[in-house]
Protein chains: 2
Amino acid sequence: MQNLSKNQQIIFDLIDKSPEPLKAYSILFNVQKRGIKAPLQVYRALDKLVEIGKIHKIESRNAFIACQNSSCQISKATAFSICESCEKVTEINNSNLSKYLTSFKDKNGMKYNKYNLEFFGLCKKCVSKKS
Amino acid sequence: MQNLSKNQQIIFDLIDKSPEPLKAYSILFNVQKRGIKAPLQVYRALDKLVEIGKIHKIESRNAFIACQNSSCQISKATAFSICESCEKVTEINNSNLSKYLTSFKDKNGMKYNKYNLEFFGLCKKCVSKKS
DNA sequence: GTTAAATTGTTATAATATAACATTTTGTAA
DNA sequence: TTACAAAATGTTATATTATAACAATTTAAC
Ligand SMILES: [Zn+2]
Ligand SMILES: [Zn+2]
Ligand SMILES: [Zn+2]
Ligand SMILES: [Zn+2]
């Protein structure tokens with residue numbers, strides 16, 4: 001693992017200490033005091049961080065979270081649970097699931113080298129609130 | 001199944017006969033001759049069509065395809081394969097997979113009621129081109 | 001027929017993301 | 001330690017995706 005560049009480190013630190021996924025322009029707003037002024041600077045760092053597996057993009061939310069699973073730094077097999085009420089997102093680290101999906105072969109004969117899975121529902125807290 | 005409204009039908013027909021996922025503004029361009037002039041008209045129809053399961057959104061591509069699986073008209077358990085070379089997208093209809101994911105329970109105790117899975121790789125055609 | 005719900009029409013604007021180009025920094029190897 | 005290539009940065013402009021707000025019309029149910 002190479003070290004992160006200045007902008008990459010600033011942006012990773014912000015995402016890593018956030019309890020929730022962050023959106024690109026919210027990141028931009030938060031790092032402007034540290035000298036990062038343009039969207040492109042943010043997107044470039046995000047692209048790199050995703051590429052090296054330090055963060056993941058939550059596709060259904062256009063938001064980014066730090067990898068919570070030190071073993072998935074290749075970013076090619078990701079799974080998340082998303083609460084549709086409070087929007088809490090958790091990275092799922094379940095070897096049964098990842099084995100199942102990594103070895104999954106469909107009848108179309110396609111060779112998969114990557115997947116992304118997003119589960120939606122209500123987290124424990126939000127379930128109990130509703131009852 | 002209720003009938004579709006005029007705009008919904010126009011937009012569904014276009015998506016349904018497209019061999020590839022369509023993006024919202026490409027849809028807009030294509031239906032302007034039929035009287036649909038504004039992005040919001042397209043997005044409203046898309047929202048409804050997704051809600052009733054006639055189309056699905058491919059989140060990683062911001063594009064829409066017709067449901068290829070008549071049995072999933074609730075749109076709560078979707079899986080796709082995406083070729084990273086030619087961008088061909090296919091809806092996966094595999095009961096083993098859907099059973100596994102629908103009954104999946106993680107240790108976080110969350111109750112899932114929906115999921116979306118996207119596999120990435122090279123389709124048969126693109127694999128053979130590279131060899 | 002009356003009413004409520006769904007759909008449509010329209011203008012403006014917000015939010016997300018990339019193009020293009022110039023410069024600087026960093027790592028690698030003669 | 002200089003020379004070169006790769007990576008990262010800085011900057012302006014623009015493209016793409018999506019929603020807010022409000023008014024009018026159509027549809028379906030009672
Ligand atoms: Zn991870
Ligand atoms: Zn919640
Ligand atoms: Zn479907
Ligand atoms: Zn292909």
# chains A, B, ... in the order shown; residues from 1 in each chain; ligands from 1
>>> interface_residues(of="chain B", to="chain A", cutoff="7 Å", atoms="only C-alpha atoms", output="PyMOL selection string")
chain B and resi 59-60+109-124
>>> residues_near_ligand(ligand="ligand 3", cutoff="8 Å", atoms="only C-alpha atoms (C1' of nucleotides) and all ligand atoms", output="mmCIF file with all heavy atoms, in the first residue's frame")
data_model
loop_
_atom_site.group_PDB
_atom_site.id
_atom_site.type_symbol
_atom_site.label_atom_id
_atom_site.label_comp_id
_atom_site.auth_asym_id
_atom_site.auth_seq_id
_atom_site.Cartn_x
_atom_site.Cartn_y
_atom_site.Cartn_z
ATOM 1 N N GLY B 53 -42.507 -1.846 -11.132
ATOM 2 C CA GLY B 53 -41.696 -2.992 -11.560
ATOM 3 C C GLY B 53 -41.626 -3.231 -13.062
ATOM 4 O O GLY B 53 -41.115 -4.262 -13.489
ATOM 5 N N LYS B 54 -42.110 -2.297 -13.867
ATOM 6 C CA LYS B 54 -42.018 -2.506 -15.318
ATOM 7 C C LYS B 54 -40.610 -2.242 -15.841
ATOM 8 O O LYS B 54 -40.210 -2.774 -16.869
ATOM 9 C CB LYS B 54 -42.997 -1.585 -16.063
ATOM 10 C CG LYS B 54 -44.459 -1.794 -15.706
ATOM 11 C CD LYS B 54 -45.052 -2.965 -16.432
ATOM 12 C CE LYS B 54 -45.301 -2.629 -17.895
ATOM 13 N NZ LYS B 54 -45.852 -3.817 -18.613
ATOM 14 N N ILE B 55 -39.896 -1.385 -15.156
ATOM 15 C CA ILE B 55 -38.491 -1.143 -15.519
ATOM 16 C C ILE B 55 -37.650 -1.164 -14.246
ATOM 17 O O ILE B 55 -38.181 -1.104 -13.128
ATOM 18 C CB ILE B 55 -38.293 0.218 -16.239
ATOM 19 C CG1 ILE B 55 -38.618 1.385 -15.291
ATOM 20 C CG2 ILE B 55 -39.157 0.293 -17.498
ATOM 21 C CD1 ILE B 55 -38.240 2.749 -15.862
ATOM 22 N N HIS B 56 -36.349 -1.270 -14.442
ATOM 23 C CA HIS B 56 -35.423 -1.188 -13.309
ATOM 24 C C HIS B 56 -34.370 -0.132 -13.612
ATOM 25 O O HIS B 56 -34.018 0.083 -14.772
ATOM 26 C CB HIS B 56 -34.723 -2.526 -13.074
ATOM 27 C CG HIS B 56 -35.659 -3.659 -12.845
ATOM 28 N ND1 HIS B 56 -36.578 -3.679 -11.822
ATOM 29 C CD2 HIS B 56 -35.826 -4.834 -13.505
ATOM 30 C CE1 HIS B 56 -37.268 -4.805 -11.858
ATOM 31 N NE2 HIS B 56 -36.841 -5.532 -12.876
ATOM 32 N N ALA B 66 -36.068 -2.362 -19.305
ATOM 33 C CA ALA B 66 -37.349 -3.018 -19.044
ATOM 34 C C ALA B 66 -37.099 -4.286 -18.244
ATOM 35 O O ALA B 66 -36.069 -4.943 -18.401
ATOM 36 C CB ALA B 66 -38.035 -3.355 -20.363
ATOM 37 N N CYS B 67 -38.030 -4.607 -17.376
ATOM 38 C CA CYS B 67 -37.936 -5.848 -16.620
ATOM 39 C C CYS B 67 -37.988 -7.020 -17.598
ATOM 40 O O CYS B 67 -38.868 -7.077 -18.453
ATOM 41 C CB CYS B 67 -39.072 -5.957 -15.612
ATOM 42 S SG CYS B 67 -39.042 -7.513 -14.689
ATOM 43 N N GLN B 68 -37.028 -7.894 -17.460
ATOM 44 C CA GLN B 68 -36.963 -9.041 -18.372
ATOM 45 C C GLN B 68 -37.481 -10.297 -17.688
ATOM 46 O O GLN B 68 -37.296 -11.406 -18.160
ATOM 47 C CB GLN B 68 -35.504 -9.249 -18.843
ATOM 48 C CG GLN B 68 -34.992 -8.084 -19.682
ATOM 49 C CD GLN B 68 -33.476 -8.046 -19.802
ATOM 50 O OE1 GLN B 68 -32.792 -9.059 -19.827
ATOM 51 N NE2 GLN B 68 -32.940 -6.833 -19.892
ATOM 52 N N ASN B 69 -38.114 -10.084 -16.561
ATOM 53 C CA ASN B 69 -38.483 -11.211 -15.720
ATOM 54 C C ASN B 69 -39.901 -10.949 -15.220
ATOM 55 O O ASN B 69 -40.100 -10.258 -14.233
ATOM 56 C CB ASN B 69 -37.481 -11.264 -14.562
ATOM 57 C CG ASN B 69 -37.860 -12.251 -13.502
ATOM 58 O OD1 ASN B 69 -38.859 -12.956 -13.618
ATOM 59 N ND2 ASN B 69 -37.065 -12.290 -12.448
ATOM 60 N N SER B 70 -40.873 -11.504 -15.897
ATOM 61 C CA SER B 70 -42.258 -11.151 -15.616
ATOM 62 C C SER B 70 -42.654 -11.378 -14.159
ATOM 63 O O SER B 70 -43.626 -10.797 -13.682
ATOM 64 C CB SER B 70 -43.193 -11.967 -16.521
ATOM 65 O OG SER B 70 -42.996 -13.346 -16.292
ATOM 66 N N SER B 71 -41.878 -12.178 -13.466
ATOM 67 C CA SER B 71 -42.288 -12.498 -12.105
ATOM 68 C C SER B 71 -41.786 -11.490 -11.074
ATOM 69 O O SER B 71 -42.142 -11.572 -9.913
ATOM 70 C CB SER B 71 -41.823 -13.899 -11.721
ATOM 71 O OG SER B 71 -40.431 -13.912 -11.534
ATOM 72 N N CYS B 72 -40.978 -10.521 -11.482
ATOM 73 C CA CYS B 72 -40.446 -9.610 -10.452
ATOM 74 C C CYS B 72 -41.071 -8.234 -10.535
ATOM 75 O O CYS B 72 -40.420 -7.220 -10.416
ATOM 76 C CB CYS B 72 -38.914 -9.559 -10.461
ATOM 77 S SG CYS B 72 -38.141 -8.406 -11.559
ATOM 78 N N GLN B 73 -42.396 -8.174 -10.664
ATOM 79 C CA GLN B 73 -43.020 -6.872 -10.846
ATOM 80 C C GLN B 73 -43.208 -6.091 -9.555
ATOM 81 O O GLN B 73 -43.961 -5.126 -9.506
ATOM 82 C CB GLN B 73 -44.346 -7.036 -11.584
ATOM 83 C CG GLN B 73 -44.109 -7.607 -12.984
ATOM 84 C CD GLN B 73 -45.290 -7.411 -13.884
ATOM 85 O OE1 GLN B 73 -46.396 -7.279 -13.395
ATOM 86 N NE2 GLN B 73 -45.064 -7.368 -15.171
ATOM 87 N N SER B 75 -40.291 -5.414 -7.996
ATOM 88 C CA SER B 75 -39.056 -4.642 -8.108
ATOM 89 C C SER B 75 -38.262 -4.612 -6.811
ATOM 90 O O SER B 75 -37.530 -3.684 -6.556
ATOM 91 C CB SER B 75 -39.394 -3.216 -8.522
ATOM 92 O OG SER B 75 -38.333 -2.650 -9.224
ATOM 93 N N ALA B 77 -36.279 -7.283 -5.662
ATOM 94 C CA ALA B 77 -35.177 -8.240 -5.636
ATOM 95 C C ALA B 77 -34.613 -8.317 -7.038
ATOM 96 O O ALA B 77 -35.087 -9.082 -7.860
ATOM 97 C CB ALA B 77 -35.674 -9.601 -5.167
ATOM 98 N N THR B 78 -33.602 -7.490 -7.309
ATOM 99 C CA THR B 78 -33.101 -7.374 -8.676
ATOM 100 C C THR B 78 -31.624 -7.709 -8.750
ATOM 101 O O THR B 78 -30.856 -7.399 -7.837
ATOM 102 C CB THR B 78 -33.318 -5.942 -9.185
ATOM 103 O OG1 THR B 78 -32.839 -5.022 -8.213
ATOM 104 C CG2 THR B 78 -34.796 -5.671 -9.428
ATOM 105 N N GLU B 91 -30.716 -8.896 -17.132
ATOM 106 C CA GLU B 91 -31.316 -9.163 -15.823
ATOM 107 C C GLU B 91 -31.161 -10.639 -15.507
ATOM 108 O O GLU B 91 -31.482 -11.499 -16.325
ATOM 109 C CB GLU B 91 -32.794 -8.766 -15.836
ATOM 110 C CG GLU B 91 -33.437 -8.912 -14.472
ATOM 111 C CD GLU B 91 -34.795 -8.234 -14.383
ATOM 112 O OE1 GLU B 91 -35.238 -7.635 -15.375
ATOM 113 O OE2 GLU B 91 -35.399 -8.302 -13.299
#
>>> interface_residues(of="chain D", to="chain B", cutoff="12 Å", atoms="only C-alpha atoms (C1' of nucleotides)", output="ChimeraX atom specification")
/D:15-20,26-28
>>> interface_residues(of="chain C", to="chain A", cutoff="9 Å", atoms="only C-alpha atoms (C1' of nucleotides)", output="CSV table (one decimal) with C-alpha atoms (C1' of nucleotides), in the first residue's frame")
chain,number,residue,atom,x,y,z
C,15,DA,C1',-27.1,18.3,-7.5
C,16,DT,C1',-23.8,15.3,-9.6
C,17,DA,C1',-19.9,14.7,-12.6
C,18,DT,C1',-16.5,15.4,-16.4
>>> select_by_dssp(residues="stretch 78-118 of chain A", states="alpha helix (DSSP H)", output="PyMOL selection string")
chain A and resi 95-102
>>> residues_around(residues="A:Asn3", least_positions_apart="3", cutoff="12 Å", atoms="only C-alpha atoms (C1' of nucleotides)", output="PyMOL selection string")
(chain A and resi 6-9+12+48-49+52+54) or (chain C and resi 26)
>>> atom_distance(atom1="atom CA of A:Pro19", atom2="atom CA of B:Ala63")
29.4 Å
>>> atom_distance(atom1="atom C1' of C:DT2", atom2="atom C1' of D:DT25")
16.1 Å
>>> decode(residues="stretch 38-53 of chain B", atoms="all heavy atoms", output="PDB file, in the first residue's frame")
ATOM      1  N   ALA B  38     -40.215  18.029 -21.278  1.00  0.00           N
ATOM      2  CA  ALA B  38     -39.411  18.424 -20.121  1.00  0.00           C
ATOM      3  C   ALA B  38     -38.869  17.221 -19.348  1.00  0.00           C
ATOM      4  O   ALA B  38     -39.526  16.178 -19.274  1.00  0.00           O
ATOM      5  CB  ALA B  38     -40.247  19.284 -19.194  1.00  0.00           C
ATOM      6  N   PRO B  39     -37.669  17.380 -18.793  1.00  0.00           N
ATOM      7  CA  PRO B  39     -37.057  16.305 -18.003  1.00  0.00           C
ATOM      8  C   PRO B  39     -38.007  15.748 -16.956  1.00  0.00           C
ATOM      9  O   PRO B  39     -38.079  14.532 -16.769  1.00  0.00           O
ATOM     10  CB  PRO B  39     -35.881  17.002 -17.322  1.00  0.00           C
ATOM     11  CG  PRO B  39     -35.551  18.143 -18.201  1.00  0.00           C
ATOM     12  CD  PRO B  39     -36.824  18.580 -18.846  1.00  0.00           C
ATOM     13  N   LEU B  40     -38.734  16.640 -16.307  1.00  0.00           N
ATOM     14  CA  LEU B  40     -39.587  16.175 -15.217  1.00  0.00           C
ATOM     15  C   LEU B  40     -40.654  15.204 -15.702  1.00  0.00           C
ATOM     16  O   LEU B  40     -41.031  14.274 -14.986  1.00  0.00           O
ATOM     17  CB  LEU B  40     -40.222  17.374 -14.526  1.00  0.00           C
ATOM     18  CG  LEU B  40     -40.834  17.115 -13.164  1.00  0.00           C
ATOM     19  CD1 LEU B  40     -39.949  16.230 -12.307  1.00  0.00           C
ATOM     20  CD2 LEU B  40     -41.107  18.433 -12.467  1.00  0.00           C
ATOM     21  N   GLN B  41     -41.130  15.419 -16.906  1.00  0.00           N
ATOM     22  CA  GLN B  41     -42.120  14.480 -17.443  1.00  0.00           C
ATOM     23  C   GLN B  41     -41.513  13.086 -17.594  1.00  0.00           C
ATOM     24  O   GLN B  41     -42.166  12.077 -17.334  1.00  0.00           O
ATOM     25  CB  GLN B  41     -42.624  14.988 -18.802  1.00  0.00           C
ATOM     26  CG  GLN B  41     -43.405  16.278 -18.689  1.00  0.00           C
ATOM     27  CD  GLN B  41     -43.779  16.834 -20.042  1.00  0.00           C
ATOM     28  OE1 GLN B  41     -42.926  17.260 -20.816  1.00  0.00           O
ATOM     29  NE2 GLN B  41     -45.054  16.822 -20.352  1.00  0.00           N
ATOM     30  N   VAL B  42     -40.259  13.061 -18.002  1.00  0.00           N
ATOM     31  CA  VAL B  42     -39.575  11.775 -18.137  1.00  0.00           C
ATOM     32  C   VAL B  42     -39.339  11.156 -16.763  1.00  0.00           C
ATOM     33  O   VAL B  42     -39.650   9.990 -16.537  1.00  0.00           O
ATOM     34  CB  VAL B  42     -38.233  11.954 -18.883  1.00  0.00           C
ATOM     35  CG1 VAL B  42     -37.437  10.651 -18.856  1.00  0.00           C
ATOM     36  CG2 VAL B  42     -38.476  12.408 -20.309  1.00  0.00           C
ATOM     37  N   TYR B  43     -38.823  11.948 -15.846  1.00  0.00           N
ATOM     38  CA  TYR B  43     -38.495  11.394 -14.528  1.00  0.00           C
ATOM     39  C   TYR B  43     -39.739  10.910 -13.789  1.00  0.00           C
ATOM     40  O   TYR B  43     -39.695   9.926 -13.064  1.00  0.00           O
ATOM     41  CB  TYR B  43     -37.722  12.416 -13.693  1.00  0.00           C
ATOM     42  CG  TYR B  43     -36.259  12.469 -14.053  1.00  0.00           C
ATOM     43  CD1 TYR B  43     -35.752  13.512 -14.810  1.00  0.00           C
ATOM     44  CD2 TYR B  43     -35.384  11.460 -13.657  1.00  0.00           C
ATOM     45  CE1 TYR B  43     -34.408  13.554 -15.153  1.00  0.00           C
ATOM     46  CE2 TYR B  43     -34.043  11.503 -14.001  1.00  0.00           C
ATOM     47  CZ  TYR B  43     -33.556  12.550 -14.741  1.00  0.00           C
ATOM     48  OH  TYR B  43     -32.222  12.582 -15.091  1.00  0.00           O
ATOM     49  N   ARG B  44     -40.850  11.618 -13.976  1.00  0.00           N
ATOM     50  CA  ARG B  44     -42.062  11.152 -13.301  1.00  0.00           C
ATOM     51  C   ARG B  44     -42.522   9.808 -13.835  1.00  0.00           C
ATOM     52  O   ARG B  44     -42.902   8.913 -13.068  1.00  0.00           O
ATOM     53  CB  ARG B  44     -43.163  12.208 -13.417  1.00  0.00           C
ATOM     54  CG  ARG B  44     -42.888  13.378 -12.482  1.00  0.00           C
ATOM     55  CD  ARG B  44     -44.111  14.244 -12.259  1.00  0.00           C
ATOM     56  NE  ARG B  44     -44.385  15.070 -13.418  1.00  0.00           N
ATOM     57  CZ  ARG B  44     -44.727  16.356 -13.351  1.00  0.00           C
ATOM     58  NH1 ARG B  44     -44.813  16.963 -12.177  1.00  0.00           N
ATOM     59  NH2 ARG B  44     -44.993  17.026 -14.441  1.00  0.00           N
ATOM     60  N   ALA B  45     -42.455   9.663 -15.159  1.00  0.00           N
ATOM     61  CA  ALA B  45     -42.839   8.368 -15.736  1.00  0.00           C
ATOM     62  C   ALA B  45     -41.864   7.281 -15.295  1.00  0.00           C
ATOM     63  O   ALA B  45     -42.269   6.170 -14.931  1.00  0.00           O
ATOM     64  CB  ALA B  45     -42.890   8.475 -17.254  1.00  0.00           C
ATOM     65  N   LEU B  46     -40.587   7.611 -15.299  1.00  0.00           N
ATOM     66  CA  LEU B  46     -39.594   6.610 -14.874  1.00  0.00           C
ATOM     67  C   LEU B  46     -39.845   6.177 -13.426  1.00  0.00           C
ATOM     68  O   LEU B  46     -39.813   4.986 -13.113  1.00  0.00           O
ATOM     69  CB  LEU B  46     -38.172   7.181 -15.022  1.00  0.00           C
ATOM     70  CG  LEU B  46     -37.669   7.377 -16.450  1.00  0.00           C
ATOM     71  CD1 LEU B  46     -36.324   8.102 -16.454  1.00  0.00           C
ATOM     72  CD2 LEU B  46     -37.549   6.047 -17.187  1.00  0.00           C
ATOM     73  N   ASP B  47     -40.094   7.142 -12.557  1.00  0.00           N
ATOM     74  CA  ASP B  47     -40.351   6.819 -11.143  1.00  0.00           C
ATOM     75  C   ASP B  47     -41.503   5.830 -11.009  1.00  0.00           C
ATOM     76  O   ASP B  47     -41.428   4.856 -10.269  1.00  0.00           O
ATOM     77  CB  ASP B  47     -40.684   8.087 -10.353  1.00  0.00           C
ATOM     78  CG  ASP B  47     -39.456   8.937 -10.086  1.00  0.00           C
ATOM     79  OD1 ASP B  47     -38.336   8.467 -10.359  1.00  0.00           O
ATOM     80  OD2 ASP B  47     -39.615  10.086  -9.624  1.00  0.00           O
ATOM     81  N   LYS B  48     -42.563   6.133 -11.737  1.00  0.00           N
ATOM     82  CA  LYS B  48     -43.739   5.270 -11.653  1.00  0.00           C
ATOM     83  C   LYS B  48     -43.449   3.874 -12.210  1.00  0.00           C
ATOM     84  O   LYS B  48     -43.820   2.856 -11.602  1.00  0.00           O
ATOM     85  CB  LYS B  48     -44.892   5.921 -12.428  1.00  0.00           C
ATOM     86  CG  LYS B  48     -46.216   5.207 -12.263  1.00  0.00           C
ATOM     87  CD  LYS B  48     -46.730   5.359 -10.846  1.00  0.00           C
ATOM     88  CE  LYS B  48     -48.039   4.610 -10.634  1.00  0.00           C
ATOM     89  NZ  LYS B  48     -48.605   4.882  -9.312  1.00  0.00           N
ATOM     90  N   LEU B  49     -42.793   3.834 -13.343  1.00  0.00           N
ATOM     91  CA  LEU B  49     -42.484   2.548 -13.970  1.00  0.00           C
ATOM     92  C   LEU B  49     -41.568   1.697 -13.091  1.00  0.00           C
ATOM     93  O   LEU B  49     -41.726   0.476 -13.008  1.00  0.00           O
ATOM     94  CB  LEU B  49     -41.851   2.766 -15.359  1.00  0.00           C
ATOM     95  CG  LEU B  49     -42.795   3.339 -16.423  1.00  0.00           C
ATOM     96  CD1 LEU B  49     -42.016   3.806 -17.652  1.00  0.00           C
ATOM     97  CD2 LEU B  49     -43.850   2.309 -16.823  1.00  0.00           C
ATOM     98  N   VAL B  50     -40.639   2.362 -12.426  1.00  0.00           N
ATOM     99  CA  VAL B  50     -39.779   1.626 -11.486  1.00  0.00           C
ATOM    100  C   VAL B  50     -40.623   1.113 -10.325  1.00  0.00           C
ATOM    101  O   VAL B  50     -40.521  -0.047  -9.925  1.00  0.00           O
ATOM    102  CB  VAL B  50     -38.637   2.522 -10.954  1.00  0.00           C
ATOM    103  CG1 VAL B  50     -37.962   1.894  -9.735  1.00  0.00           C
ATOM    104  CG2 VAL B  50     -37.602   2.773 -12.045  1.00  0.00           C
ATOM    105  N   GLU B  51     -41.490   1.983  -9.824  1.00  0.00           N
ATOM    106  CA  GLU B  51     -42.314   1.627  -8.657  1.00  0.00           C
ATOM    107  C   GLU B  51     -43.173   0.391  -8.919  1.00  0.00           C
ATOM    108  O   GLU B  51     -43.319  -0.464  -8.042  1.00  0.00           O
ATOM    109  CB  GLU B  51     -43.203   2.829  -8.311  1.00  0.00           C
ATOM    110  CG  GLU B  51     -44.051   2.651  -7.063  1.00  0.00           C
ATOM    111  CD  GLU B  51     -45.122   3.751  -6.989  1.00  0.00           C
ATOM    112  OE1 GLU B  51     -44.831   4.887  -7.417  1.00  0.00           O
ATOM    113  OE2 GLU B  51     -46.247   3.464  -6.533  1.00  0.00           O
ATOM    114  N   ILE B  52     -43.724   0.311 -10.115  1.00  0.00           N
ATOM    115  CA  ILE B  52     -44.585  -0.835 -10.415  1.00  0.00           C
ATOM    116  C   ILE B  52     -43.826  -1.999 -11.052  1.00  0.00           C
ATOM    117  O   ILE B  52     -44.417  -3.000 -11.447  1.00  0.00           O
ATOM    118  CB  ILE B  52     -45.771  -0.438 -11.331  1.00  0.00           C
ATOM    119  CG1 ILE B  52     -45.277   0.036 -12.701  1.00  0.00           C
ATOM    120  CG2 ILE B  52     -46.612   0.653 -10.678  1.00  0.00           C
ATOM    121  CD1 ILE B  52     -46.394   0.446 -13.650  1.00  0.00           C
ATOM    122  N   GLY B  53     -42.507  -1.846 -11.132  1.00  0.00           N
ATOM    123  CA  GLY B  53     -41.696  -2.992 -11.560  1.00  0.00           C
ATOM    124  C   GLY B  53     -41.626  -3.231 -13.062  1.00  0.00           C
ATOM    125  O   GLY B  53     -41.115  -4.262 -13.489  1.00  0.00           O
TER     126      GLY B  53
END
